[in-house]
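Q: Just so it is clear, I am handing over entry-v1.tsv, which has TSV, C-alpha atoms.
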chain	number	residue	atom	x	y	z
A	1	MET	CA	-23.96	239.65	-2.11
A	2	ARG	CA	-24.67	236.71	0.20
A	3	GLY	CA	-27.25	235.23	-2.12
A	4	PHE	CA	-25.40	236.15	-5.30
A	5	GLU	CA	-22.74	233.44	-5.36
A	6	PRO	CA	-25.14	230.45	-5.18
A	7	LEU	CA	-27.23	232.11	-7.91
A	8	ALA	CA	-24.11	232.65	-10.02
A	9	TRP	CA	-23.30	228.94	-9.61
A	10	VAL	CA	-26.83	227.90	-10.66
A	11	PHE	CA	-26.66	230.10	-13.78
A	12	GLN	CA	-23.16	228.77	-14.50
A	13	ALA	CA	-24.56	225.23	-14.46
A	14	ILE	CA	-27.67	226.10	-16.52
A	15	SER	CA	-25.64	228.01	-19.14
A	16	GLY	CA	-23.10	225.16	-19.23
A	17	ILE	CA	-25.77	222.55	-19.97
A	18	ALA	CA	-27.42	224.81	-22.57
A	19	MET	CA	-24.04	225.36	-24.23
A	20	VAL	CA	-23.43	221.64	-24.69
A	21	PHE	CA	-26.42	221.59	-27.06
A	22	LEU	CA	-25.88	225.05	-28.60
A	23	ILE	CA	-22.17	224.58	-29.32
A	24	THR	CA	-22.66	221.05	-30.69
A	25	THR	CA	-25.32	222.47	-33.04
A	26	HIS	CA	-23.03	225.38	-33.99
A	27	PHE	CA	-20.13	222.99	-34.66
A	28	LEU	CA	-22.25	220.78	-36.94
A	29	LEU	CA	-23.77	223.84	-38.70
A	30	THR	CA	-20.37	225.32	-39.50
A	31	HIS	CA	-17.85	222.47	-39.66
A	32	SER	CA	-19.59	219.44	-41.16
A	33	SER	CA	-18.69	220.69	-44.66
A	34	HIS	CA	-16.01	223.07	-45.93
A	35	ASP	CA	-18.62	225.05	-47.92
A	36	LEU	CA	-20.49	225.93	-44.73
A	37	LEU	CA	-17.68	228.34	-43.83
A	38	SER	CA	-17.70	230.14	-47.18
A	39	TYR	CA	-18.49	233.85	-46.97
A	40	ASP	CA	-21.84	233.41	-48.75
A	41	SER	CA	-22.93	230.55	-46.45
A	42	VAL	CA	-22.03	232.51	-43.33
A	43	LEU	CA	-23.77	235.61	-44.68
A	44	TYR	CA	-26.89	233.54	-45.45
A	45	ARG	CA	-27.00	232.33	-41.85
A	46	MET	CA	-26.35	235.79	-40.45
A	47	THR	CA	-29.24	237.29	-42.43
A	48	ASN	CA	-31.68	234.53	-41.43
A	49	MET	CA	-33.82	235.42	-38.38
A	50	GLU	CA	-33.85	231.88	-36.88
A	51	TYR	CA	-30.06	231.70	-37.03
A	52	LYS	CA	-29.78	235.21	-35.62
A	53	ILE	CA	-31.87	234.23	-32.58
A	54	PHE	CA	-29.81	231.05	-32.20
A	55	TYR	CA	-26.52	232.98	-32.33
A	56	ALA	CA	-27.79	235.71	-30.01
A	57	LEU	CA	-28.66	233.02	-27.43
A	58	LEU	CA	-25.31	231.31	-27.95
A	59	LEU	CA	-23.48	234.63	-27.52
A	60	ILE	CA	-25.30	235.46	-24.27
A	61	PHE	CA	-24.88	231.99	-22.72
A	62	VAL	CA	-21.22	231.63	-23.75
A	63	THR	CA	-20.24	235.13	-22.65
A	64	PHE	CA	-21.95	234.80	-19.28
A	65	HIS	CA	-20.43	231.35	-18.69
A	66	ALA	CA	-16.91	232.36	-19.76
A	67	PHE	CA	-16.69	235.60	-17.80
A	68	ASN	CA	-18.42	234.17	-14.72
A	69	GLY	CA	-15.91	231.30	-14.82
A	70	LEU	CA	-13.02	233.76	-15.09
A	71	ARG	CA	-14.49	235.71	-12.16
A	72	ALA	CA	-14.58	232.54	-10.05
A	73	ILE	CA	-10.94	231.78	-10.91
A	74	ILE	CA	-9.79	235.30	-10.03
A	75	LEU	CA	-11.83	235.35	-6.79
A	76	ASP	CA	-10.13	232.09	-5.84
A	77	THR	CA	-6.83	233.97	-5.52
A	78	GLU	CA	-5.89	235.99	-2.45
A	79	GLY	CA	-5.44	239.19	-4.47
A	80	GLY	CA	-8.73	238.70	-6.27
A	81	MET	CA	-10.67	238.10	-3.06
A	82	ARG	CA	-9.18	241.25	-1.49
A	83	LYS	CA	-10.51	243.31	-4.40
A	84	LYS	CA	-13.74	241.41	-4.96
A	85	GLY	CA	-15.79	244.52	-5.76
A	86	ALA	CA	-13.35	245.72	-8.39
A	87	VAL	CA	-13.04	242.22	-9.92
A	88	ASN	CA	-16.84	241.93	-10.17
A	89	ALA	CA	-17.13	245.40	-11.73
A	90	VAL	CA	-14.41	244.78	-14.35
A	91	ILE	CA	-15.72	241.32	-15.28
A	92	VAL	CA	-19.35	242.46	-15.55
A	93	THR	CA	-18.28	245.44	-17.69
A	94	ALA	CA	-16.15	243.23	-20.00
A	95	ALA	CA	-18.97	240.68	-20.34
A	96	LEU	CA	-21.55	243.38	-21.14
A	97	ILE	CA	-19.22	244.93	-23.75
A	98	ALA	CA	-18.74	241.49	-25.38
A	99	ILE	CA	-22.50	240.78	-25.38
A	100	PHE	CA	-23.52	244.18	-26.74
A	101	TYR	CA	-20.71	244.21	-29.31
A	102	GLY	CA	-21.72	240.72	-30.51
A	103	LEU	CA	-25.41	241.68	-30.65
A	104	TYR	CA	-24.48	244.87	-32.53
A	105	LEU	CA	-22.54	242.83	-35.10
A	106	LEU	CA	-25.45	240.39	-35.47
A	107	SER	CA	-27.88	243.28	-35.95
A	108	LYS	CA	-25.80	244.65	-38.85
A	109	PHE	CA	-26.76	241.75	-41.13
B	1	MET	CA	-4.42	230.53	-4.05
B	2	GLY	CA	-2.18	230.84	-7.11
B	3	VAL	CA	-2.24	228.99	-10.42
B	4	MET	CA	0.35	226.44	-9.24
B	5	SER	CA	-1.91	225.48	-6.34
B	6	TRP	CA	-4.39	224.08	-8.91
B	7	PHE	CA	-1.95	221.20	-9.24
B	8	LYS	CA	-1.39	220.56	-5.54
B	9	TYR	CA	-3.80	217.58	-5.56
B	10	LYS	CA	-2.19	214.84	-7.64
B	11	SER	CA	-5.33	212.70	-7.78
B	12	PRO	CA	-7.32	212.38	-11.05
B	13	PHE	CA	-9.94	214.67	-9.48
B	14	GLY	CA	-7.31	217.31	-8.74
B	15	LEU	CA	-6.04	217.14	-12.31
B	16	ALA	CA	-9.62	217.34	-13.66
B	17	PHE	CA	-10.11	220.49	-11.54
B	18	ALA	CA	-6.90	222.07	-12.90
B	19	PHE	CA	-7.68	221.17	-16.51
B	20	GLN	CA	-11.25	222.48	-16.15
B	21	ARG	CA	-9.78	225.89	-15.35
B	22	ILE	CA	-7.03	225.79	-17.98
B	23	THR	CA	-9.44	224.73	-20.76
B	24	GLY	CA	-11.93	227.37	-19.58
B	25	ILE	CA	-9.32	230.12	-20.01
B	26	ILE	CA	-8.33	228.79	-23.47
B	27	LEU	CA	-12.00	228.74	-24.51
B	28	LEU	CA	-12.45	232.33	-23.28
B	29	PHE	CA	-9.69	233.42	-25.69
B	30	TYR	CA	-11.45	231.46	-28.43
B	31	LEU	CA	-14.69	233.35	-27.68
B	32	ILE	CA	-12.83	236.64	-28.21
B	33	LEU	CA	-11.37	235.24	-31.45
B	34	HIS	CA	-14.92	234.39	-32.57
B	35	LEU	CA	-15.94	238.02	-32.06
B	36	CYS	CA	-13.00	238.95	-34.34
B	37	TYR	CA	-14.36	236.51	-36.94
B	38	LEU	CA	-17.79	238.09	-36.67
B	39	THR	CA	-16.19	241.52	-37.10
B	40	SER	CA	-14.29	240.35	-40.19
B	41	LEU	CA	-17.61	239.51	-41.88
B	42	GLN	CA	-17.98	243.23	-42.64
B	43	SER	CA	-15.51	242.63	-45.49
B	44	ARG	CA	-15.53	239.56	-47.77
B	45	GLU	CA	-11.80	240.00	-48.47
B	46	LEU	CA	-10.89	240.16	-44.79
B	47	TYR	CA	-13.06	237.14	-43.91
B	48	GLU	CA	-11.67	235.04	-46.76
B	49	THR	CA	-8.08	235.96	-45.85
B	50	LEU	CA	-8.73	234.95	-42.24
B	51	THR	CA	-10.39	231.63	-43.13
B	52	SER	CA	-7.73	230.79	-45.73
B	53	ILE	CA	-5.23	230.76	-42.84
B	54	THR	CA	-7.31	229.19	-40.08
B	55	VAL	CA	-9.41	226.69	-42.08
B	56	SER	CA	-6.56	224.66	-43.52
B	57	ARG	CA	-4.75	221.35	-43.13
B	58	GLN	CA	-1.85	223.16	-41.42
B	59	PHE	CA	-4.23	224.54	-38.80
B	60	ILE	CA	-6.22	221.36	-38.13
B	61	ILE	CA	-4.00	220.31	-35.21
B	62	PHE	CA	-5.00	223.53	-33.37
B	63	ASP	CA	-8.68	222.98	-34.24
B	64	SER	CA	-8.43	219.41	-32.99
B	65	LEU	CA	-6.82	220.51	-29.70
B	66	LEU	CA	-9.53	223.13	-29.36
B	67	ILE	CA	-12.18	220.42	-29.77
B	68	LEU	CA	-10.42	218.46	-27.03
B	69	CYS	CA	-10.56	221.52	-24.76
B	70	GLY	CA	-14.25	222.11	-25.51
B	71	VAL	CA	-15.34	218.48	-25.16
B	72	PHE	CA	-13.31	217.95	-21.97
B	73	HIS	CA	-14.65	221.20	-20.44
B	74	GLY	CA	-18.25	220.29	-21.32
B	75	VAL	CA	-18.17	216.66	-20.19
B	76	ASN	CA	-16.17	217.39	-17.02
B	77	GLY	CA	-18.51	220.31	-16.29
B	78	ILE	CA	-21.54	218.00	-16.44
B	79	ARG	CA	-19.69	215.54	-14.15
B	80	ILE	CA	-19.14	218.36	-11.64
B	81	ILE	CA	-22.82	219.40	-11.82
B	82	ILE	CA	-23.94	215.80	-11.23
B	83	HIS	CA	-21.79	215.49	-8.09
B	84	GLU	CA	-22.63	219.00	-6.83
B	85	LEU	CA	-26.30	217.99	-6.98
B	86	GLY	CA	-25.40	215.09	-4.67
B	87	ILE	CA	-25.88	212.42	-7.32
B	88	GLY	CA	-23.55	209.43	-7.65
B	89	HIS	CA	-21.02	210.60	-5.10
B	90	GLU	CA	-20.17	207.02	-4.19
B	91	LEU	CA	-19.48	206.32	-7.87
B	92	ARG	CA	-17.09	209.26	-8.32
B	93	ARG	CA	-14.26	207.19	-9.80
B	94	VAL	CA	-16.54	205.38	-12.24
B	95	VAL	CA	-18.20	208.65	-13.32
B	96	LEU	CA	-14.76	210.23	-13.86
B	97	ALA	CA	-13.62	207.26	-15.96
B	98	VAL	CA	-16.82	207.33	-18.04
B	99	SER	CA	-16.42	211.12	-18.48
B	100	ALA	CA	-12.87	210.62	-19.74
B	101	ILE	CA	-14.03	207.98	-22.25
B	102	ILE	CA	-16.89	210.24	-23.49
B	103	ALA	CA	-14.47	213.18	-23.81
B	104	ILE	CA	-11.98	211.12	-25.85
B	105	LEU	CA	-14.77	209.75	-28.08
B	106	GLY	CA	-16.15	213.27	-28.60
B	107	TRP	CA	-12.66	214.51	-29.45
B	108	ILE	CA	-12.12	211.74	-32.02
B	109	ILE	CA	-15.55	212.22	-33.62
B	110	GLY	CA	-15.20	216.03	-33.71
B	111	SER	CA	-11.71	215.86	-35.20
B	112	TYR	CA	-12.90	213.31	-37.78
B	113	ILE	CA	-15.77	215.64	-38.82
B	114	LEU	CA	-13.27	218.52	-39.21
B	115	LEU	CA	-10.87	216.40	-41.24
B	116	MET	CA	-13.64	215.12	-43.53
B	117	ALA	CA	-14.96	218.64	-44.07
B	118	LEU	CA	-11.51	219.81	-45.20
B	119	GLY	CA	-11.57	217.14	-47.89
B	120	ASP	CA	-14.81	218.53	-49.41
Kindly transcribe the structure held in the file into structure tokens.
A:
Amino acid sequence: MRGFEPLAWVFQAISGIAMVFLITTHFLLTHSSHDLLSYDSVLYRMTNMEYKIFYALLLIFVTFHAFNGLRAIILDTEGGMRKKGAVNAVIVTAALIAIFYGLYLLSKF
Amino acid sequence: MGVMSWFKYKSPFGLAFAFQRITGIILLFYLILHLCYLTSLQSRELYETLTSITVSRQFIIFDSLLILCGVFHGVNGIRIIIHELGIGHELRRVVLAVSAIIAILGWIIGSYILLMALGD
């Protein structure tokens, strides 16, 4: 695990920078007009392969970044550090469930 | 180290550290909410019921605060990366001030876009 934490930090930084662009794009795609959030507009995007790839990337980056951040916060507590293995296992499991559930939902369109 | 210890440093940098964590946790909940939105797309009725509540003038204050959380977290995160890479350490105060200005501008622009879209 010695080399894991620096690597986790590097991926946290890379995913953070990627998300600035991905989330700004997502915000403009969905919130620059009221019609863009209509069911038909959302369905159109969800059935379009380019959008699907974009949202799959967004899902993976955001989920990794969010759960890795939560892991860092929990490991910064005394209780969290004492049970580091368990914290890592629970967080990784929750993140994988979120990613696979999101990808499953995307694949249904 | 408990949650209250996030606020033990009263400097602007200490507050930025605390707010980075608080906004991160808020945004994690929003990610989970987004998965609920994606799930609701299985039914037009469910999706339209959900958006009729959340995409409304009454809800815009929450959306605006969420934009503030997102923009602050993003801009402050980039500030942290810059300093962690050893860049501009001697200009820490200036970089923090510029980050705050960018975050406020991003918040205003984002909220304006949301407000204009509601008027469509």
Q: Once you count only C-alpha atoms, which residues of chain A turn out to be within 10 Å of chain B? Could you give them as a ChimeraX atom specification?
A: /A:9-10,12-14,16-17,19-20,23-24,27-28,30-40,42-43,46,59,62-63,65-67,69-70,72-81,98-99,101-102,105-106,108-109
Q: To one decimal place, how far is atom CA of B:Leu68 from atom CA of A:Leu58 in Å?
A: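 Taking atom CA of B:Leu68 as the start and atom CA of A:Leu58 as the end point, the length is 19.7 Å.
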Q: For each of A:Arg71, A:Phe54, A:Phe61, A:Ser107, take the minimum atom-to-atom distance to A:Ile91, counting all atoms listed in the file, then give the residue where this is smallest.
A: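 Answer, going by the shortest atom-to-atom distance: A:Arg71.
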Q: Can you measure atom CA of B:Leu15 to atom CA of A:Lys84 for me? One decimal in Å is fine.
A: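 The value is 26.5 Å.
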Q: What does the distance from atom CA of B:Phe72 to atom CA of B:Ala103 come to in Å, to one decimal?
A: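 Straight-line distance from atom CA of B:Phe72 to atom CA of B:Ala103 works out to 5.2 Å.
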Q: For B:Leu66, which of B:Lys10, B:Ile53, B:Met4, B:Thr23 is the closest residue, counting only C-alpha atoms?
A: B:Thr23
Q: Which residues are close to B:Ala100, i.e. within 10 Å by only C-alpha atoms, leaving aside same-chain residues fewer than 2 positions away? Reply as number ranges by chain.
A: B: 16, 71-72, 75-76, 94-98, 102-106
Q: Emit the selected residues as a tab-separated table (two decimals), keeping the file's coordinate frame, including C-alpha atoms.
A:
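Written out: out_28.tsv:
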chain	number	residue	atom	x	y	z
B	16	ALA	CA	-9.62	217.34	-13.66
B	71	VAL	CA	-15.34	218.48	-25.16
B	72	PHE	CA	-13.31	217.95	-21.97
B	75	VAL	CA	-18.17	216.66	-20.19
B	76	ASN	CA	-16.17	217.39	-17.02
B	94	VAL	CA	-16.54	205.38	-12.24
B	95	VAL	CA	-18.20	208.65	-13.32
B	96	LEU	CA	-14.76	210.23	-13.86
B	97	ALA	CA	-13.62	207.26	-15.96
B	98	VAL	CA	-16.82	207.33	-18.04
B	102	ILE	CA	-16.89	210.24	-23.49
B	103	ALA	CA	-14.47	213.18	-23.81
B	104	ILE	CA	-11.98	211.12	-25.85
B	105	LEU	CA	-14.77	209.75	-28.08
B	106	GLY	CA	-16.15	213.27	-28.60
